[in-house]
file data_25.cif (mmCIF, N, CA and C atoms)
data_coords
loop_
_atom_site.label_atom_id
_atom_site.label_comp_id
_atom_site.auth_asym_id
_atom_site.auth_seq_id
_atom_site.Cartn_x
_atom_site.Cartn_y
_atom_site.Cartn_z
N MET A 1 44.11 -31.89 -2.11
CA MET A 1 44.30 -32.04 -3.52
C MET A 1 43.15 -31.38 -4.29
N LYS A 2 41.95 -31.52 -3.75
CA LYS A 2 40.80 -30.94 -4.42
C LYS A 2 40.91 -29.41 -4.46
N TRP A 3 41.44 -28.82 -3.39
CA TRP A 3 41.57 -27.36 -3.34
C TRP A 3 42.50 -26.88 -4.46
N GLU A 4 43.63 -27.59 -4.66
CA GLU A 4 44.56 -27.21 -5.71
C GLU A 4 43.88 -27.28 -7.08
N TYR A 5 43.12 -28.33 -7.30
CA TYR A 5 42.43 -28.49 -8.58
C TYR A 5 41.43 -27.36 -8.80
N GLU A 6 40.66 -27.04 -7.77
CA GLU A 6 39.67 -25.97 -7.90
C GLU A 6 40.36 -24.63 -8.13
N PHE A 7 41.47 -24.40 -7.44
CA PHE A 7 42.20 -23.15 -7.61
C PHE A 7 42.73 -23.04 -9.03
N GLY A 8 43.28 -24.14 -9.55
CA GLY A 8 43.79 -24.15 -10.92
C GLY A 8 42.67 -23.95 -11.93
N GLU A 9 41.53 -24.54 -11.68
CA GLU A 9 40.38 -24.37 -12.58
C GLU A 9 39.93 -22.91 -12.59
N GLU A 10 39.94 -22.27 -11.42
CA GLU A 10 39.53 -20.86 -11.35
C GLU A 10 40.48 -19.99 -12.16
N LEU A 11 41.78 -20.24 -12.04
CA LEU A 11 42.75 -19.48 -12.82
C LEU A 11 42.58 -19.74 -14.31
N ALA A 12 42.32 -20.99 -14.67
CA ALA A 12 42.14 -21.32 -16.08
C ALA A 12 40.89 -20.64 -16.64
N ARG A 13 39.87 -20.45 -15.83
CA ARG A 13 38.64 -19.79 -16.29
C ARG A 13 38.83 -18.29 -16.45
N THR A 14 39.83 -17.70 -15.81
CA THR A 14 40.01 -16.25 -15.89
C THR A 14 40.95 -15.84 -17.01
N CYS A 15 41.24 -16.72 -17.94
CA CYS A 15 42.08 -16.37 -19.08
C CYS A 15 41.34 -15.35 -19.96
N PRO A 16 42.08 -14.50 -20.63
CA PRO A 16 41.43 -13.52 -21.49
C PRO A 16 40.73 -14.18 -22.68
N PHE A 17 39.73 -13.55 -23.18
CA PHE A 17 38.97 -13.97 -24.34
C PHE A 17 38.25 -15.30 -24.14
N GLY A 18 38.11 -15.74 -22.88
CA GLY A 18 37.38 -16.96 -22.59
C GLY A 18 38.10 -18.23 -23.02
N LEU A 19 39.38 -18.14 -23.31
CA LEU A 19 40.14 -19.33 -23.72
C LEU A 19 40.62 -20.08 -22.49
N ARG A 20 40.93 -21.35 -22.67
CA ARG A 20 41.49 -22.13 -21.57
C ARG A 20 43.01 -22.07 -21.70
N CYS A 21 43.66 -21.67 -20.63
CA CYS A 21 45.11 -21.53 -20.65
C CYS A 21 45.77 -22.79 -20.11
N PRO A 22 46.80 -23.29 -20.77
CA PRO A 22 47.51 -24.46 -20.24
C PRO A 22 48.28 -24.13 -18.97
N VAL A 23 48.73 -22.91 -18.86
CA VAL A 23 49.44 -22.45 -17.66
C VAL A 23 48.61 -21.34 -17.04
N PRO A 24 48.20 -21.47 -15.78
CA PRO A 24 47.37 -20.43 -15.16
C PRO A 24 48.06 -19.07 -15.17
N GLY A 25 47.35 -18.06 -15.60
CA GLY A 25 47.88 -16.70 -15.62
C GLY A 25 48.69 -16.37 -16.85
N MET A 26 48.92 -17.33 -17.73
CA MET A 26 49.76 -17.11 -18.90
C MET A 26 49.15 -16.05 -19.83
N GLY A 27 47.86 -16.08 -19.98
CA GLY A 27 47.21 -15.12 -20.88
C GLY A 27 47.41 -13.69 -20.44
N TRP A 28 47.31 -13.46 -19.15
CA TRP A 28 47.50 -12.10 -18.64
C TRP A 28 48.94 -11.65 -18.80
N ILE A 29 49.88 -12.57 -18.63
CA ILE A 29 51.29 -12.23 -18.83
C ILE A 29 51.53 -11.84 -20.29
N LEU A 30 50.95 -12.60 -21.20
CA LEU A 30 51.10 -12.28 -22.62
C LEU A 30 50.46 -10.95 -22.98
N LEU A 31 49.28 -10.70 -22.45
CA LEU A 31 48.63 -9.40 -22.71
C LEU A 31 49.43 -8.24 -22.13
N GLY A 32 49.98 -8.44 -20.95
CA GLY A 32 50.80 -7.40 -20.33
C GLY A 32 52.06 -7.13 -21.13
N THR A 33 52.67 -8.19 -21.64
CA THR A 33 53.87 -8.03 -22.46
C THR A 33 53.55 -7.29 -23.75
N LEU A 34 52.47 -7.67 -24.40
CA LEU A 34 52.08 -6.98 -25.63
C LEU A 34 51.75 -5.52 -25.36
N GLY A 35 51.07 -5.26 -24.26
CA GLY A 35 50.76 -3.87 -23.90
C GLY A 35 52.02 -3.07 -23.66
N ALA A 36 53.00 -3.67 -22.98
CA ALA A 36 54.25 -2.97 -22.73
C ALA A 36 54.99 -2.68 -24.03
N LEU A 37 54.94 -3.62 -24.97
CA LEU A 37 55.60 -3.40 -26.26
C LEU A 37 54.93 -2.28 -27.06
N VAL A 38 53.65 -2.12 -26.88
CA VAL A 38 52.93 -1.05 -27.59
C VAL A 38 53.19 0.30 -26.93
N VAL A 39 53.24 0.32 -25.59
CA VAL A 39 53.39 1.58 -24.86
C VAL A 39 54.85 2.03 -24.80
N ALA A 40 55.81 1.12 -24.86
CA ALA A 40 57.22 1.44 -24.69
C ALA A 40 57.73 2.52 -25.66
N PRO A 41 57.43 2.46 -26.95
CA PRO A 41 57.95 3.50 -27.85
C PRO A 41 57.47 4.91 -27.50
N VAL A 42 56.37 5.02 -26.83
CA VAL A 42 55.86 6.34 -26.42
C VAL A 42 56.42 6.73 -25.06
N ALA A 43 56.49 5.76 -24.15
CA ALA A 43 56.87 6.05 -22.77
C ALA A 43 58.37 6.30 -22.62
N ILE A 44 59.20 5.56 -23.34
CA ILE A 44 60.65 5.69 -23.15
C ILE A 44 61.16 7.10 -23.46
N PRO A 45 60.80 7.73 -24.58
CA PRO A 45 61.27 9.10 -24.81
C PRO A 45 60.77 10.09 -23.75
N ALA A 46 59.55 9.89 -23.28
CA ALA A 46 59.02 10.81 -22.26
C ALA A 46 59.79 10.66 -20.95
N VAL A 47 60.08 9.43 -20.57
CA VAL A 47 60.84 9.19 -19.34
C VAL A 47 62.27 9.70 -19.51
N LYS A 48 62.83 9.52 -20.67
CA LYS A 48 64.19 9.98 -20.96
C LYS A 48 64.28 11.51 -20.83
N LYS A 49 63.29 12.19 -21.37
CA LYS A 49 63.28 13.65 -21.32
C LYS A 49 63.13 14.14 -19.88
N ALA A 50 62.23 13.54 -19.13
CA ALA A 50 62.03 13.93 -17.73
C ALA A 50 63.25 13.56 -16.90
N GLY A 51 63.85 12.41 -17.17
CA GLY A 51 65.03 11.99 -16.43
C GLY A 51 66.20 12.92 -16.67
N LYS A 52 66.34 13.40 -17.88
CA LYS A 52 67.43 14.33 -18.19
C LYS A 52 67.26 15.63 -17.41
N ALA A 53 66.04 16.14 -17.34
CA ALA A 53 65.79 17.37 -16.59
C ALA A 53 66.05 17.16 -15.10
N ILE A 54 65.63 16.03 -14.57
CA ILE A 54 65.85 15.75 -13.15
C ILE A 54 67.34 15.62 -12.86
N ALA A 55 68.07 14.93 -13.72
CA ALA A 55 69.52 14.76 -13.52
C ALA A 55 70.24 16.11 -13.60
N LYS A 56 69.84 16.95 -14.53
CA LYS A 56 70.45 18.26 -14.67
C LYS A 56 70.23 19.10 -13.42
N THR A 57 69.01 19.07 -12.90
CA THR A 57 68.70 19.81 -11.68
C THR A 57 69.48 19.27 -10.49
N ALA A 58 69.63 17.95 -10.41
CA ALA A 58 70.37 17.34 -9.30
C ALA A 58 71.84 17.74 -9.35
N VAL A 59 72.44 17.77 -10.54
CA VAL A 59 73.84 18.15 -10.67
C VAL A 59 74.02 19.61 -10.29
N LYS A 60 73.13 20.47 -10.77
CA LYS A 60 73.23 21.89 -10.41
C LYS A 60 73.07 22.09 -8.91
N GLY A 61 72.14 21.39 -8.31
CA GLY A 61 71.95 21.48 -6.87
C GLY A 61 73.17 21.00 -6.11
N GLY A 62 73.81 19.94 -6.59
CA GLY A 62 75.03 19.44 -5.96
C GLY A 62 76.16 20.45 -6.03
N ILE A 63 76.29 21.11 -7.16
CA ILE A 63 77.33 22.14 -7.31
C ILE A 63 77.07 23.29 -6.37
N VAL A 64 75.84 23.74 -6.27
CA VAL A 64 75.49 24.85 -5.37
C VAL A 64 75.76 24.45 -3.91
N ALA A 65 75.39 23.22 -3.55
CA ALA A 65 75.63 22.74 -2.19
C ALA A 65 77.12 22.67 -1.90
N TYR A 66 77.92 22.22 -2.86
CA TYR A 66 79.36 22.13 -2.68
C TYR A 66 79.98 23.51 -2.47
N GLU A 67 79.58 24.47 -3.30
CA GLU A 67 80.11 25.83 -3.16
C GLU A 67 79.71 26.43 -1.81
N GLY A 68 78.47 26.19 -1.41
CA GLY A 68 78.01 26.71 -0.11
C GLY A 68 78.75 26.07 1.05
N SER A 69 79.05 24.78 0.94
CA SER A 69 79.77 24.11 2.02
C SER A 69 81.21 24.58 2.08
N LYS A 70 81.82 24.90 0.94
CA LYS A 70 83.19 25.43 0.96
C LYS A 70 83.23 26.76 1.71
N GLU A 71 82.24 27.60 1.46
CA GLU A 71 82.17 28.90 2.14
C GLU A 71 81.95 28.71 3.64
N LEU A 72 81.07 27.79 3.99
CA LEU A 72 80.78 27.52 5.39
C LEU A 72 82.00 26.98 6.12
N VAL A 73 82.74 26.09 5.49
CA VAL A 73 83.94 25.53 6.11
C VAL A 73 85.01 26.60 6.30
N SER A 74 85.17 27.46 5.32
CA SER A 74 86.17 28.52 5.46
C SER A 74 85.80 29.47 6.59
N GLU A 75 84.53 29.79 6.75
CA GLU A 75 84.10 30.64 7.87
C GLU A 75 84.33 29.94 9.20
N ALA A 76 84.05 28.66 9.26
CA ALA A 76 84.26 27.91 10.50
C ALA A 76 85.73 27.85 10.85
N LYS A 77 86.60 27.67 9.88
CA LYS A 77 88.04 27.66 10.13
C LYS A 77 88.51 29.02 10.66
N ALA A 78 87.97 30.09 10.08
CA ALA A 78 88.35 31.43 10.54
C ALA A 78 87.91 31.65 11.98
N GLU A 79 86.71 31.21 12.33
CA GLU A 79 86.23 31.37 13.70
C GLU A 79 87.03 30.53 14.67
N LEU A 80 87.41 29.33 14.30
CA LEU A 80 88.23 28.48 15.17
C LEU A 80 89.61 29.10 15.38
N ALA A 81 90.17 29.63 14.32
CA ALA A 81 91.50 30.27 14.44
C ALA A 81 91.43 31.50 15.34
N ALA A 82 90.33 32.23 15.27
CA ALA A 82 90.17 33.44 16.08
C ALA A 82 89.90 33.09 17.55
N SER A 83 89.26 31.98 17.82
CA SER A 83 88.92 31.63 19.19
C SER A 83 90.04 30.91 19.93
N ARG A 84 91.07 30.43 19.25
CA ARG A 84 92.19 29.75 19.90
C ARG A 84 93.10 30.78 20.57
N PRO A 85 93.46 30.48 21.78
CA PRO A 85 94.43 31.40 22.42
C PRO A 85 95.83 31.16 21.84
N GLU A 86 96.53 32.21 21.62
CA GLU A 86 97.87 32.09 21.06
C GLU A 86 98.84 31.65 22.14
N VAL A 87 99.67 30.72 21.81
CA VAL A 87 100.61 30.15 22.77
C VAL A 87 101.94 30.82 22.67
#
call {"tool": "encode", "arguments": {"input": "data_25.cif", "output": "structure tokens"}}
result
Amino acid sequence: MKWEYEFGEELARTCPFGLRCPVPGMGWILLGTLGALVVAPVAIPAVKKAGKAIAKTAVKGGIVAYEGSKELVSEAKAELAASRPEV
């Protein structure tokens, strides 16, 4: 029981601005939330712009891979047809 009390006291002492927190770690959660709210308006458009470029590249790469696989399959079919003995 003493260990739990000491652990809780240590967490209460680590609150920001030297305040005593009723819930251990609550101050850091609040600071993190406020920081995220301040950073979000800047970060979201940047991530959106980068995500759009990545998605566009992925779609183009998929189309190129699809076209290349169609060509490869048609060549394989031609080789299989040529290698079969006629009955």
call {"tool": "axis_aligned_box", "arguments": {"input": "data_25.cif", "around": "range 45-58 of chain A", "padding_each_side": "4 Å", "output": "AutoDock Vina command-line options"}}
result
--center_x 65.4 --center_y 13.8 --center_z -17.1 --size_x 20.8 --size_y 20.1 --size_z 23.5
call {"tool": "atom_distance", "arguments": {"input": "data_25.cif", "atom1": "atom C of Glu79 in chain A", "atom2": "CA of Glu67 in chain A"}}
result
19.7 Å
call {"tool": "atom_distance", "arguments": {"input": "data_25.cif", "atom1": "CA of Ile44 in chain A", "atom2": "CA of Met26 in chain A"}}
result
25.6 Å
call {"tool": "atom_distance", "arguments": {"input": "data_25.cif", "atom1": "atom N of Ala50 in chain A", "atom2": "CA of Gly35 in chain A"}}
result
21.4 Å
